[in-house]
Every structure is written in C-alpha cells, then in structure tokens.
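Text of the file run.pdb, holding PDB, C-alpha atoms and all ligand atoms:
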```pdb
MODEL        1
ATOM      1  CA  MET A   1      73.147  30.403 -80.020
ATOM      2  CA  ILE A   2      72.055  27.248 -78.215
ATOM      3  CA  ILE A   3      68.303  26.875 -77.668
ATOM      4  CA  VAL A   4      66.688  24.076 -75.651
ATOM      5  CA  PHE A   5      63.020  23.457 -76.478
ATOM      6  CA  LEU A   6      61.028  21.951 -73.590
ATOM      7  CA  GLY A   7      57.407  20.871 -73.660
ATOM      8  CA  PRO A   8      55.118  17.854 -73.372
ATOM      9  CA  PRO A   9      54.488  15.451 -76.259
ATOM     10  CA  GLY A  10      52.390  17.097 -78.967
ATOM     11  CA  ALA A  11      52.874  20.609 -77.582
ATOM     12  CA  GLY A  12      54.077  21.872 -80.976
ATOM     13  CA  LYS A  13      57.864  21.788 -80.482
ATOM     14  CA  GLY A  14      58.638  20.388 -83.940
ATOM     15  CA  THR A  15      56.213  22.806 -85.629
ATOM     16  CA  GLN A  16      57.812  25.829 -83.949
ATOM     17  CA  CYS A  17      61.393  24.599 -84.425
ATOM     18  CA  LYS A  18      60.905  24.693 -88.201
ATOM     19  CA  ARG A  19      60.027  28.383 -87.883
ATOM     20  CA  LEU A  20      63.116  29.063 -85.724
ATOM     21  CA  VAL A  21      65.215  27.511 -88.491
ATOM     22  CA  GLU A  22      63.595  29.755 -91.137
ATOM     23  CA  ARG A  23      64.003  32.975 -89.130
ATOM     24  CA  TYR A  24      67.359  32.545 -87.387
ATOM     25  CA  GLY A  25      69.137  29.995 -89.600
ATOM     26  CA  VAL A  26      69.826  27.716 -86.625
ATOM     27  CA  ASN A  27      70.249  23.960 -87.062
ATOM     28  CA  HIS A  28      67.401  21.776 -85.781
ATOM     29  CA  LEU A  29      68.292  18.615 -83.851
ATOM     30  CA  SER A  30      65.292  16.522 -82.812
ATOM     31  CA  SER A  31      66.155  13.515 -80.654
ATOM     32  CA  GLY A  32      62.877  11.843 -81.702
ATOM     33  CA  ASP A  33      63.638  12.339 -85.418
ATOM     34  CA  ILE A  34      67.165  10.972 -84.987
ATOM     35  CA  LEU A  35      65.790   7.897 -83.173
ATOM     36  CA  ARG A  36      63.177   7.335 -85.906
ATOM     37  CA  ARG A  37      65.942   7.561 -88.534
ATOM     38  CA  GLU A  38      67.992   4.970 -86.595
ATOM     39  CA  ARG A  39      64.948   2.683 -86.493
ATOM     40  CA  LYS A  40      64.323   3.050 -90.206
ATOM     41  CA  GLU A  41      67.953   2.206 -90.940
ATOM     42  CA  GLY A  42      67.743  -0.822 -88.625
ATOM     43  CA  THR A  43      70.795   0.132 -86.548
ATOM     44  CA  GLU A  44      71.546  -1.434 -83.143
ATOM     45  CA  LEU A  45      70.495   1.819 -81.457
ATOM     46  CA  GLY A  46      67.254   1.871 -83.449
ATOM     47  CA  LYS A  47      66.472  -1.705 -82.438
ATOM     48  CA  GLU A  48      67.180  -0.969 -78.763
ATOM     49  CA  ALA A  49      65.067   2.202 -78.805
ATOM     50  CA  GLN A  50      62.028   0.658 -80.506
ATOM     51  CA  GLY A  51      60.410  -0.984 -77.452
ATOM     52  CA  TYR A  52      60.787   2.118 -75.302
ATOM     53  CA  MET A  53      59.350   4.426 -77.966
ATOM     54  CA  ASP A  54      56.389   2.216 -78.826
ATOM     55  CA  SER A  55      55.358   1.983 -75.175
ATOM     56  CA  GLY A  56      55.761   5.701 -74.430
ATOM     57  CA  GLN A  57      58.822   5.364 -72.187
ATOM     58  CA  LEU A  58      62.086   7.252 -72.449
ATOM     59  CA  VAL A  59      65.088   5.604 -74.080
ATOM     60  CA  PRO A  60      67.836   5.195 -71.399
ATOM     61  CA  ASP A  61      70.028   8.233 -70.771
ATOM     62  CA  ASP A  62      73.336   6.590 -71.711
ATOM     63  CA  LEU A  63      72.104   5.761 -75.222
ATOM     64  CA  ILE A  64      70.553   9.187 -75.773
ATOM     65  CA  VAL A  65      73.468  11.202 -74.411
ATOM     66  CA  ALA A  66      75.973   9.330 -76.611
ATOM     67  CA  MET A  67      73.716   9.775 -79.652
ATOM     68  CA  MET A  68      73.110  13.503 -79.124
ATOM     69  CA  MET A  69      76.677  14.480 -78.208
ATOM     70  CA  LYS A  70      77.900  13.245 -81.593
ATOM     71  CA  GLU A  71      75.438  15.594 -83.307
ATOM     72  CA  ILE A  72      75.509  18.682 -81.092
ATOM     73  CA  GLN A  73      79.119  19.806 -81.462
ATOM     74  CA  PRO A  74      79.116  20.139 -85.261
ATOM     75  CA  ALA A  75      75.564  21.557 -85.285
ATOM     76  CA  SER A  76      76.233  24.253 -82.685
ATOM     77  CA  ASN A  77      78.761  26.124 -84.834
ATOM     78  CA  GLY A  78      77.723  29.136 -86.909
ATOM     79  CA  ALA A  79      74.168  30.369 -86.240
ATOM     80  CA  GLY A  80      73.733  27.707 -83.549
ATOM     81  CA  VAL A  81      71.283  24.940 -82.803
ATOM     82  CA  VAL A  82      67.833  24.309 -81.393
ATOM     83  CA  LEU A  83      67.564  21.080 -79.394
ATOM     84  CA  ASP A  84      64.064  19.605 -79.726
ATOM     85  CA  GLY A  85      63.224  16.867 -77.217
ATOM     86  CA  PHE A  86      66.677  16.811 -75.606
ATOM     87  CA  PRO A  87      67.430  17.010 -72.726
ATOM     88  CA  ARG A  88      64.461  15.176 -71.275
ATOM     89  CA  THR A  89      65.776  14.150 -67.839
ATOM     90  CA  ILE A  90      67.896  15.909 -65.228
ATOM     91  CA  GLY A  91      70.728  13.455 -66.032
ATOM     92  CA  GLN A  92      70.631  14.438 -69.718
ATOM     93  CA  ALA A  93      70.588  18.149 -68.819
ATOM     94  CA  ARG A  94      73.668  17.766 -66.599
ATOM     95  CA  ALA A  95      75.500  15.809 -69.307
ATOM     96  CA  LEU A  96      74.664  18.551 -71.813
ATOM     97  CA  ASP A  97      75.884  21.330 -69.506
ATOM     98  CA  GLU A  98      79.171  19.503 -68.870
ATOM     99  CA  ALA A  99      79.823  18.922 -72.567
ATOM    100  CA  LEU A 100      78.999  22.517 -73.470
ATOM    101  CA  GLU A 101      81.187  23.883 -70.683
ATOM    102  CA  LYS A 102      84.154  21.899 -71.991
ATOM    103  CA  ALA A 103      83.576  23.494 -75.392
ATOM    104  CA  GLY A 104      83.252  26.999 -73.867
ATOM    105  CA  GLN A 105      79.505  27.122 -74.627
ATOM    106  CA  ARG A 106      76.247  27.169 -72.670
ATOM    107  CA  VAL A 107      72.489  26.977 -73.128
ATOM    108  CA  ASP A 108      71.455  30.532 -74.069
ATOM    109  CA  VAL A 109      67.719  30.035 -73.693
ATOM    110  CA  ALA A 110      65.361  27.247 -72.627
ATOM    111  CA  LEU A 111      61.939  27.774 -74.208
ATOM    112  CA  ASN A 112      59.226  26.035 -72.195
ATOM    113  CA  LEU A 113      56.139  25.450 -74.325
ATOM    114  CA  GLY A 114      53.279  24.869 -71.891
ATOM    115  CA  VAL A 115      50.088  23.163 -73.129
ATOM    116  CA  ASP A 116      47.229  21.812 -71.004
ATOM    117  CA  ASP A 117      47.088  17.996 -70.899
ATOM    118  CA  ASP A 118      43.534  17.844 -72.271
ATOM    119  CA  LYS A 119      44.670  19.420 -75.583
ATOM    120  CA  LEU A 120      47.687  17.141 -76.133
ATOM    121  CA  GLU A 121      45.904  13.921 -77.026
ATOM    122  CA  GLN A 122      43.806  15.689 -79.684
ATOM    123  CA  ARG A 123      46.898  17.328 -81.178
ATOM    124  CA  ILE A 124      48.835  14.060 -81.330
ATOM    125  CA  THR A 125      46.129  11.724 -82.626
ATOM    126  CA  GLY A 126      45.237  14.236 -85.402
ATOM    127  CA  ARG A 127      48.851  14.614 -86.517
ATOM    128  CA  ARG A 128      49.933  13.306 -89.943
ATOM    129  CA  SER A 129      53.373  13.729 -91.481
ATOM    130  CA  CYS A 130      54.955  13.400 -94.890
ATOM    131  CA  PRO A 131      57.359  10.427 -95.061
ATOM    132  CA  SER A 132      59.192  12.089 -97.911
ATOM    133  CA  CYS A 133      59.791  15.744 -96.862
ATOM    134  CA  GLY A 134      58.905  15.627 -93.133
ATOM    135  CA  ALA A 135      56.136  18.280 -93.320
ATOM    136  CA  VAL A 136      53.741  18.006 -90.353
ATOM    137  CA  TYR A 137      49.968  18.576 -90.547
ATOM    138  CA  HIS A 138      46.978  18.312 -88.256
ATOM    139  CA  MET A 139      43.732  17.015 -89.748
ATOM    140  CA  ALA A 140      41.709  19.701 -87.917
ATOM    141  CA  PHE A 141      44.100  22.528 -86.968
ATOM    142  CA  ASN A 142      46.500  22.577 -89.926
ATOM    143  CA  PRO A 143      44.956  20.328 -92.600
ATOM    144  CA  PRO A 144      46.507  19.426 -95.941
ATOM    145  CA  LYS A 145      44.638  20.842 -98.973
ATOM    146  CA  ASN A 146      43.880  17.466-100.624
ATOM    147  CA  GLY A 147      42.729  14.595 -98.404
ATOM    148  CA  GLU A 148      45.704  12.973 -96.715
ATOM    149  CA  THR A 149      48.434  13.935 -99.191
ATOM    150  CA  CYS A 150      51.329  16.339 -98.687
ATOM    151  CA  ASP A 151      50.826  19.865-100.126
ATOM    152  CA  LYS A 152      54.519  20.061-101.031
ATOM    153  CA  ASP A 153      55.174  16.787-102.854
ATOM    154  CA  GLY A 154      51.864  14.866-103.027
ATOM    155  CA  ALA A 155      53.142  11.903-100.945
ATOM    156  CA  SER A 156      50.583   9.985 -98.862
ATOM    157  CA  LEU A 157      50.708  11.210 -95.256
ATOM    158  CA  VAL A 158      51.408   8.755 -92.419
ATOM    159  CA  GLN A 159      50.672   8.526 -88.704
ATOM    160  CA  ARG A 160      53.486   7.789 -86.228
ATOM    161  CA  SER A 161      53.306   4.353 -84.558
ATOM    162  CA  ASP A 162      53.444   5.968 -81.079
ATOM    163  CA  ASP A 163      50.588   8.403 -81.806
ATOM    164  CA  THR A 164      47.756   6.162 -80.552
ATOM    165  CA  SER A 165      45.605   7.302 -77.609
ATOM    166  CA  GLU A 166      46.960   4.590 -75.295
ATOM    167  CA  VAL A 167      50.638   5.337 -75.954
ATOM    168  CA  VAL A 168      49.991   9.096 -75.820
ATOM    169  CA  ARG A 169      48.681   8.769 -72.270
ATOM    170  CA  HIS A 170      51.906   6.962 -71.257
ATOM    171  CA  ARG A 171      54.008   9.630 -72.974
ATOM    172  CA  ILE A 172      52.196  12.405 -71.084
ATOM    173  CA  ALA A 173      52.664  10.586 -67.744
ATOM    174  CA  THR A 174      56.356  10.038 -68.536
ATOM    175  CA  TYR A 175      56.695  13.757 -69.329
ATOM    176  CA  HIS A 176      55.265  14.761 -65.925
ATOM    177  CA  GLU A 177      57.478  12.302 -64.026
ATOM    178  CA  GLN A 178      60.796  12.747 -65.784
ATOM    179  CA  THR A 179      60.851  15.853 -67.986
ATOM    180  CA  ALA A 180      58.757  18.489 -66.167
ATOM    181  CA  PRO A 181      61.456  18.759 -63.413
ATOM    182  CA  LEU A 182      63.654  20.402 -66.075
ATOM    183  CA  ILE A 183      61.494  23.525 -65.809
ATOM    184  CA  ASP A 184      62.965  24.115 -62.320
ATOM    185  CA  PHE A 185      66.422  23.118 -63.560
ATOM    186  CA  TYR A 186      66.432  25.899 -66.191
ATOM    187  CA  GLU A 187      64.394  28.405 -64.144
ATOM    188  CA  LYS A 188      67.580  29.503 -62.387
ATOM    189  CA  SER A 189      69.397  30.361 -65.606
ATOM    190  CA  SER A 190      67.672  30.671 -68.939
ATOM    191  CA  LEU A 191      63.954  29.791 -68.866
ATOM    192  CA  HIS A 192      61.329  31.562 -70.987
ATOM    193  CA  ASN A 193      57.737  30.346 -70.661
ATOM    194  CA  ILE A 194      55.550  30.282 -73.762
ATOM    195  CA  ASP A 195      51.797  29.696 -73.736
ATOM    196  CA  GLY A 196      51.288  26.871 -76.233
ATOM    197  CA  ASN A 197      47.499  26.695 -75.819
ATOM    198  CA  VAL A 198      46.923  29.346 -78.486
ATOM    199  CA  SER A 199      47.128  29.195 -82.308
ATOM    200  CA  ILE A 200      50.320  28.124 -84.097
ATOM    201  CA  ASP A 201      50.977  31.720 -85.268
ATOM    202  CA  ASP A 202      50.384  33.200 -81.803
ATOM    203  CA  VAL A 203      52.865  30.713 -80.303
ATOM    204  CA  THR A 204      55.399  31.727 -82.946
ATOM    205  CA  GLY A 205      54.971  35.406 -82.039
ATOM    206  CA  GLN A 206      55.736  34.723 -78.359
ATOM    207  CA  MET A 207      58.695  32.534 -79.276
ATOM    208  CA  PHE A 208      60.302  35.085 -81.618
ATOM    209  CA  ALA A 209      59.846  37.804 -78.957
ATOM    210  CA  ALA A 210      61.640  35.622 -76.371
ATOM    211  CA  VAL A 211      64.535  34.763 -78.699
ATOM    212  CA  ASP A 212      64.905  38.375 -79.911
ATOM    213  CA  ASP A 213      65.019  39.497 -76.272
ATOM    214  CA  VAL A 214      67.783  37.003 -75.417
ATOM    215  CA  LYS A 215      69.770  37.897 -78.540
ATOM    216  CA  GLY A 216      69.387  41.611 -77.847
ATOM    217  CA  LYS A 217      70.578  41.324 -74.234
ATOM    218  CA  ALA A 218      73.552  39.153 -75.251
ATOM    219  CA  GLY A 219      74.432  41.395 -78.211
ATOM    220  CA  MET A 220      74.148  38.438 -80.638
TER     221      MET A 220
HETATM  222  P1  LIG B   1      59.623  12.888 -79.846
HETATM  223  O1  LIG B   1      59.629  12.585 -81.277
HETATM  224  O2  LIG B   1      60.543  13.908 -79.300
HETATM  225  O3  LIG B   1      58.122  13.201 -79.462
HETATM  226  P2  LIG B   1      57.451  14.180 -78.369
HETATM  227  O4  LIG B   1      58.298  14.937 -77.467
HETATM  228  O5  LIG B   1      56.492  13.250 -77.735
HETATM  229  O6  LIG B   1      56.894  15.285 -79.215
HETATM  230  P3  LIG B   1      56.095  15.193 -80.498
HETATM  231  O7  LIG B   1      57.006  15.031 -81.686
HETATM  232  O8  LIG B   1      55.004  14.148 -80.359
HETATM  233  O9  LIG B   1      55.327  16.582 -80.490
HETATM  234  P4  LIG B   1      55.780  18.060 -80.804
HETATM  235  O10 LIG B   1      55.826  18.826 -79.528
HETATM  236  O11 LIG B   1      56.988  18.121 -81.691
HETATM  237  O12 LIG B   1      54.477  18.521 -81.590
HETATM  238  P5  LIG B   1      54.216  18.857 -83.150
HETATM  239  O13 LIG B   1      54.876  20.133 -83.510
HETATM  240  O14 LIG B   1      54.444  17.668 -84.004
HETATM  241  O15 LIG B   1      59.904  11.545 -78.991
HETATM  242  C1  LIG B   1      59.321  10.307 -79.341
HETATM  243  C2  LIG B   1      59.889   9.231 -78.425
HETATM  244  O16 LIG B   1      61.317   9.107 -78.636
HETATM  245  C3  LIG B   1      59.745   9.466 -76.913
HETATM  246  O17 LIG B   1      58.484   9.033 -76.433
HETATM  247  C4  LIG B   1      60.914   8.625 -76.367
HETATM  248  O18 LIG B   1      60.604   7.254 -76.345
HETATM  249  C5  LIG B   1      62.006   8.846 -77.404
HETATM  250  N1  LIG B   1      62.871  10.007 -77.077
HETATM  251  C6  LIG B   1      63.003  11.155 -77.804
HETATM  252  N2  LIG B   1      63.868  12.000 -77.206
HETATM  253  C7  LIG B   1      64.312  11.372 -76.078
HETATM  254  C8  LIG B   1      65.190  11.745 -75.033
HETATM  255  N3  LIG B   1      65.824  12.948 -75.023
HETATM  256  N4  LIG B   1      65.387  10.877 -74.026
HETATM  257  C9  LIG B   1      64.786   9.669 -74.024
HETATM  258  N5  LIG B   1      63.913   9.239 -74.971
HETATM  259  C10 LIG B   1      63.686  10.096 -76.005
HETATM  260  O19 LIG B   1      52.627  19.151 -83.049
HETATM  261  C11 LIG B   1      51.702  18.111 -82.747
HETATM  262  C12 LIG B   1      50.443  18.298 -83.609
HETATM  263  O20 LIG B   1      49.738  19.455 -83.161
HETATM  264  C13 LIG B   1      50.731  18.536 -85.112
HETATM  265  O21 LIG B   1      49.746  17.881 -85.859
HETATM  266  C14 LIG B   1      50.637  20.080 -85.270
HETATM  267  O22 LIG B   1      50.181  20.445 -86.576
HETATM  268  C15 LIG B   1      49.609  20.438 -84.192
HETATM  269  N6  LIG B   1      49.882  21.735 -83.555
HETATM  270  C16 LIG B   1      51.085  22.271 -83.221
HETATM  271  N7  LIG B   1      50.934  23.454 -82.593
HETATM  272  C17 LIG B   1      49.594  23.677 -82.518
HETATM  273  C18 LIG B   1      48.798  24.739 -81.979
HETATM  274  N8  LIG B   1      49.371  25.810 -81.380
HETATM  275  N9  LIG B   1      47.449  24.634 -82.070
HETATM  276  C19 LIG B   1      46.863  23.543 -82.671
HETATM  277  N10 LIG B   1      47.568  22.514 -83.216
HETATM  278  C20 LIG B   1      48.915  22.572 -83.120
ENDMDL
END
```
Please rewrite the model in this file as structure tokens.
Amino acid sequence: MIIVFLGPPGAGKGTQCKRLVERYGVNHLSSGDILRRERKEGTELGKEAQGYMDSGQLVPDDLIVAMMMKEIQPASNGAGVVLDGFPRTIGQARALDEALEKAGQRVDVALNLGVDDDKLEQRITGRRSCPSCGAVYHMAFNPPKNGETCDKDGASLVQRSDDTSEVVRHRIATYHEQTAPLIDFYEKSSLHNIDGNVSIDDVTGQMFAAVDDVKGKAGM
C-alpha cells in the first residue's frame, strides 16, 4: 500500500505516521527527516539543502526527487510505505506517479490533514524532539513527564532550527503557494480529508477509518 500524507507544517503528519507504522506495519519515509540526516552527516545534498530549510523554502525539485526515488522503491515492497512530506509540489507529484507507474504501482490513498493556520505556529514552536530516538513531544499538548527529557531514554530534548516563529510563517506561506495545489491534484483519484484540528487520538481515529476503508475496497 502506498500512502501519501499531505498537510501544512506542524499539522501532525509525523505524529500520525508513527501510528500508521505501528498499526499497518508500513515503512515511514519522511523527506524532512532524510534531509536532516543528510545535514547531520555533512553530505553535499545536506549542505545544499541547509539554506532552503533554514529560511522556510522548499529544496529544489530535482534534488528532492532524486533523493526520494532512491528510497521509495525498496520501501514500498511488503506492507508498503507512507510518504510524509513528499510530494510537496505538482512537479514532485508527477515524478512520483511516473516512477510508480513504471513499477506497476500507484498511490492508493492521499491523506490530507487539514489544520487551521492559527493553530500551526503554536504546535510548531512548542515541539521538542529526542535527538537519540526521534520521539516527538509538545510542551503543552503532549508533554514529557520530566522537564525537557525524553520519557523513553532520558536524553535532553531539542528544538529544530527551523521551528522559530519567523521561519514558521515562511513555511506556512510556502505551503499555501506550492503544496496546497496538491489537494486538487489528488482529489480526482485518491484523496481523503482528515480534520487535524482535534486531539491527537481523534485524528488517529479518522485516519485509521480512512485507511481501513481504502484497504477494504481494494481487498488488501
Ligand atoms: P518537514 O520536516 O517535512 O517539516 P513540515 O512539513 O514543515 O512538517 P513538520 O515536521 O514541521 O510537522 P508535522 O506535520 O510532521 O507535525 P508533528 O507531527 O511534528 O520539512 C522541513 C523542511 O525540509 C521544509 O521546510 C523544506 O525546506 C524541506 N523539505 C522537506 N520535504 C521537502 C520536499 N518534498 N520538497 C522540498 N523541500 C522539502 O506535530 C507538530 C507538533 O504538534 C508536535 O509537537 C506534536 O506533538 C503536536 N501535535 C501533533 N498533532 C497534534 C494535535 N492533533 N493536537 C495538538 N498537538 C498536536
């Protein structure tokens, strides 16, 4: 099964993808996580991406498409894959469709997690993550039990460098200009809208219902 996860920055895509992995056994490919790994390792791609990411712009399509195509084919075997943050432009979506078609595959469902703009900044600036295991918290909505340390391994939590108010506003504007048009792109084939304004558990309930529906209809 191939799932595309759409939604503005801070909507809760990463949080919900972890739950898709637990329930359906799919692989999780996050373009943002892959780019952050490249930056940490100091690769050429990481160095090129840094300026775009830190100013809230998208990394150019050619770099992203090449990076994601290497990962998608192996990850889409077996239980399948959820793509988190990719595609993010119409050009990326077309490149994905072409590559999948060549492999005899297609996007089975595009989950569109809608959240009102006024909630996004609060979600992003309150986010903290564990540099060691990747667990994600929110200081108000999903707080760790002890100060700013990870519940799972006790590591000190960190804030992403692009999670400042100023950069968040650029990321939201970029989303509306370049990524929101994908809602129409997938509307014709595989779109399921999810209300992301509600609690984390309520979002999960809607998401599982949508995926179960798609799997049921396709006999998966
Ligand atoms: P990326 O890492 O993909 O960031 P993003 O899309 O901006 O999304 P986030 O990771 O910020 O948010 P999320 O939706 O996963 O929310 P989360 O679950 O953490 O991209 C970063 C950058 O990389 C881009 O700006 C760009 O430069 C580049 N890039 C990446 N992909 C690219 C591509 N395809 N093309 C070009 N450039 C690309 O939740 C947020 C917080 O809210 C957490 O603290 C969480 O606990 C909390 N929360 C979650 N759900 C709820 C809820 N229902 N109620 C209350 N709180 C909630």
Evaluating the PyMOL selection byres (((chain A and resi 164) around 10) and not hetatm) on the displayed file yields which residues, as an mmCIF file with C-alpha atoms, in the coordinates of the input?
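Written output follows (result.cif):
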```cif
data_model
loop_
_atom_site.group_PDB
_atom_site.id
_atom_site.type_symbol
_atom_site.label_atom_id
_atom_site.label_comp_id
_atom_site.auth_asym_id
_atom_site.auth_seq_id
_atom_site.Cartn_x
_atom_site.Cartn_y
_atom_site.Cartn_z
ATOM 1 C CA ASP A 54 56.389 2.216 -78.826
ATOM 2 C CA GLU A 121 45.904 13.921 -77.026
ATOM 3 C CA ILE A 124 48.835 14.060 -81.330
ATOM 4 C CA THR A 125 46.129 11.724 -82.626
ATOM 5 C CA GLY A 126 45.237 14.236 -85.402
ATOM 6 C CA GLN A 159 50.672 8.526 -88.704
ATOM 7 C CA ARG A 160 53.486 7.789 -86.228
ATOM 8 C CA SER A 161 53.306 4.353 -84.558
ATOM 9 C CA ASP A 162 53.444 5.968 -81.079
ATOM 10 C CA ASP A 163 50.588 8.403 -81.806
ATOM 11 C CA SER A 165 45.605 7.302 -77.609
ATOM 12 C CA GLU A 166 46.960 4.590 -75.295
ATOM 13 C CA VAL A 167 50.638 5.337 -75.954
ATOM 14 C CA VAL A 168 49.991 9.096 -75.820
ATOM 15 C CA ARG A 169 48.681 8.769 -72.270
#
```
- Residue nearest ligand LIG 1 (chain B) - candidates A:Asp117, A:Asp184, A:Asp201, A:Asp213, atoms counted: only C-alpha atoms and all ligand atoms: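 Comparing A:Asp117, A:Asp184, A:Asp201, A:Asp213 against ligand LIG 1 (chain B), the winner is A:Asp201.
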- For A:Arg106, please output as a ChimeraX atom specification all residues within 12 Å (counting all atoms listed in the file; exclusion window: fewer than 4 positions along the same chain). /A:1-4,72-73,76,80-81,93-102,110,186,189-190
- Using all atoms listed in the file, find all polymer residues with an atom at most 8 Å away from the point (61.0, 19.9, -78.3); report them as number ranges by chain. A: 4-8, 12-14, 17, 30, 83-86
For the selection you just gave me, I'd like the residues written to a file as a PDB file, keeping the file's coordinate frame, keeping C-alpha atoms.
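selection_3.pdb written:
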```pdb
ATOM      1  CA  VAL A   4      66.688  24.076 -75.651  1.00  0.00           C
ATOM      2  CA  PHE A   5      63.020  23.457 -76.478  1.00  0.00           C
ATOM      3  CA  LEU A   6      61.028  21.951 -73.590  1.00  0.00           C
ATOM      4  CA  GLY A   7      57.407  20.871 -73.660  1.00  0.00           C
ATOM      5  CA  PRO A   8      55.118  17.854 -73.372  1.00  0.00           C
ATOM      6  CA  GLY A  12      54.077  21.872 -80.976  1.00  0.00           C
ATOM      7  CA  LYS A  13      57.864  21.788 -80.482  1.00  0.00           C
ATOM      8  CA  GLY A  14      58.638  20.388 -83.940  1.00  0.00           C
ATOM      9  CA  CYS A  17      61.393  24.599 -84.425  1.00  0.00           C
ATOM     10  CA  SER A  30      65.292  16.522 -82.812  1.00  0.00           C
ATOM     11  CA  LEU A  83      67.564  21.080 -79.394  1.00  0.00           C
ATOM     12  CA  ASP A  84      64.064  19.605 -79.726  1.00  0.00           C
ATOM     13  CA  GLY A  85      63.224  16.867 -77.217  1.00  0.00           C
ATOM     14  CA  PHE A  86      66.677  16.811 -75.606  1.00  0.00           C
TER      15      PHE A  86
END
```
- Task: For the file shown, report as JSON, numbers by chain the outcome of the PyMOL selection byres (((chain A and resi 153) around 9) and not hetatm) at residue level.
- Result: {"A": [130, 132, 133, 149, 150, 151, 152, 154, 155]}
Close residues, A:Val203 itself excluded, 12 Å, only C-alpha atoms, min 3 positions apart in chain, as a PDB file with C-alpha atoms, keeping the file's coordinate frame:
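That gives us out11.pdb:
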```pdb
ATOM      1  CA  ALA A  11      52.874  20.609 -77.582  1.00  0.00           C
ATOM      2  CA  GLY A  12      54.077  21.872 -80.976  1.00  0.00           C
ATOM      3  CA  LYS A  13      57.864  21.788 -80.482  1.00  0.00           C
ATOM      4  CA  THR A  15      56.213  22.806 -85.629  1.00  0.00           C
ATOM      5  CA  GLN A  16      57.812  25.829 -83.949  1.00  0.00           C
ATOM      6  CA  CYS A  17      61.393  24.599 -84.425  1.00  0.00           C
ATOM      7  CA  ARG A  19      60.027  28.383 -87.883  1.00  0.00           C
ATOM      8  CA  LEU A  20      63.116  29.063 -85.724  1.00  0.00           C
ATOM      9  CA  LEU A 111      61.939  27.774 -74.208  1.00  0.00           C
ATOM     10  CA  ASN A 112      59.226  26.035 -72.195  1.00  0.00           C
ATOM     11  CA  LEU A 113      56.139  25.450 -74.325  1.00  0.00           C
ATOM     12  CA  GLY A 114      53.279  24.869 -71.891  1.00  0.00           C
ATOM     13  CA  VAL A 115      50.088  23.163 -73.129  1.00  0.00           C
ATOM     14  CA  ASN A 193      57.737  30.346 -70.661  1.00  0.00           C
ATOM     15  CA  ILE A 194      55.550  30.282 -73.762  1.00  0.00           C
ATOM     16  CA  ASP A 195      51.797  29.696 -73.736  1.00  0.00           C
ATOM     17  CA  GLY A 196      51.288  26.871 -76.233  1.00  0.00           C
ATOM     18  CA  ASN A 197      47.499  26.695 -75.819  1.00  0.00           C
ATOM     19  CA  VAL A 198      46.923  29.346 -78.486  1.00  0.00           C
ATOM     20  CA  SER A 199      47.128  29.195 -82.308  1.00  0.00           C
ATOM     21  CA  ILE A 200      50.320  28.124 -84.097  1.00  0.00           C
ATOM     22  CA  GLN A 206      55.736  34.723 -78.359  1.00  0.00           C
ATOM     23  CA  MET A 207      58.695  32.534 -79.276  1.00  0.00           C
ATOM     24  CA  PHE A 208      60.302  35.085 -81.618  1.00  0.00           C
ATOM     25  CA  ALA A 209      59.846  37.804 -78.957  1.00  0.00           C
ATOM     26  CA  ALA A 210      61.640  35.622 -76.371  1.00  0.00           C
TER      27      ALA A 210
END
```
- Task: May I ask which of the residues A:Asp202, A:Asp108, A:Glu38, A:Glu48 is the closest one to ligand LIG 1 (chain B), counting all atoms listed in the file?
- Result: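 Among the listed residues, A:Asp202 lies closest to ligand LIG 1 (chain B).
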- Closest to ligand LIG 1 (chain B) among A:Asp62, A:Glu41, A:Glu148, A:Glu22, using all atoms listed in the file?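 Closest to ligand LIG 1 (chain B), using all atoms listed in the file: A:Asp62.
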- Item | Separation of atom CA of A:Gly46 from atom CA of A:Glu71, in Å and rounded to one decimal |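 According to the coordinates, atom CA of A:Gly46 and atom CA of A:Glu71 are separated by 16.0 Å.
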- Two-atom distance - atom CA of A:Lys40, atom CA of A:Gly10 (Å):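 Here the two named atoms are 21.6 Å from each other.
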- Please indicate the distance in Å from atom C5 of ligand LIG 1 (chain B) to atom CA of A:Pro74, rounded to one decimal place. 22.0 Å
- Task: Considering only C-alpha atoms and all ligand atoms, state which residue in the set A:Ala79, A:Leu29, A:Leu35, A:Met67 is at the smallest distance from ligand LIG 1 (chain B).
- Result: A:Leu35
- Out of A:Val65, A:Arg127, A:Lys119, A:Arg37, which residue has the shortest atom-to-atom distance to ligand LIG 1 (chain B) when counting only C-alpha atoms and all ligand atoms? A:Arg127
- Which residue, A:Arg23, A:Arg88, A:His170, A:Lys145, has the smallest gap to ligand LIG 1 (chain B) when you use only C-alpha atoms and all ligand atoms?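 Checking each candidate against ligand LIG 1 (chain B), we get A:Arg88 as the closest.
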Output, as lines of an AutoDock Vina configuration file, the centre and edge lengths in Å (one decimal) of the axis-aligned box that contains all listed atoms of stretch 45-54 of chain A with 6 Å of margin on each side.
```
center_x = 63.4
center_y = 1.4
center_z = -79.4
size_x = 26.1
size_y = 18.1
size_z = 20.1
```
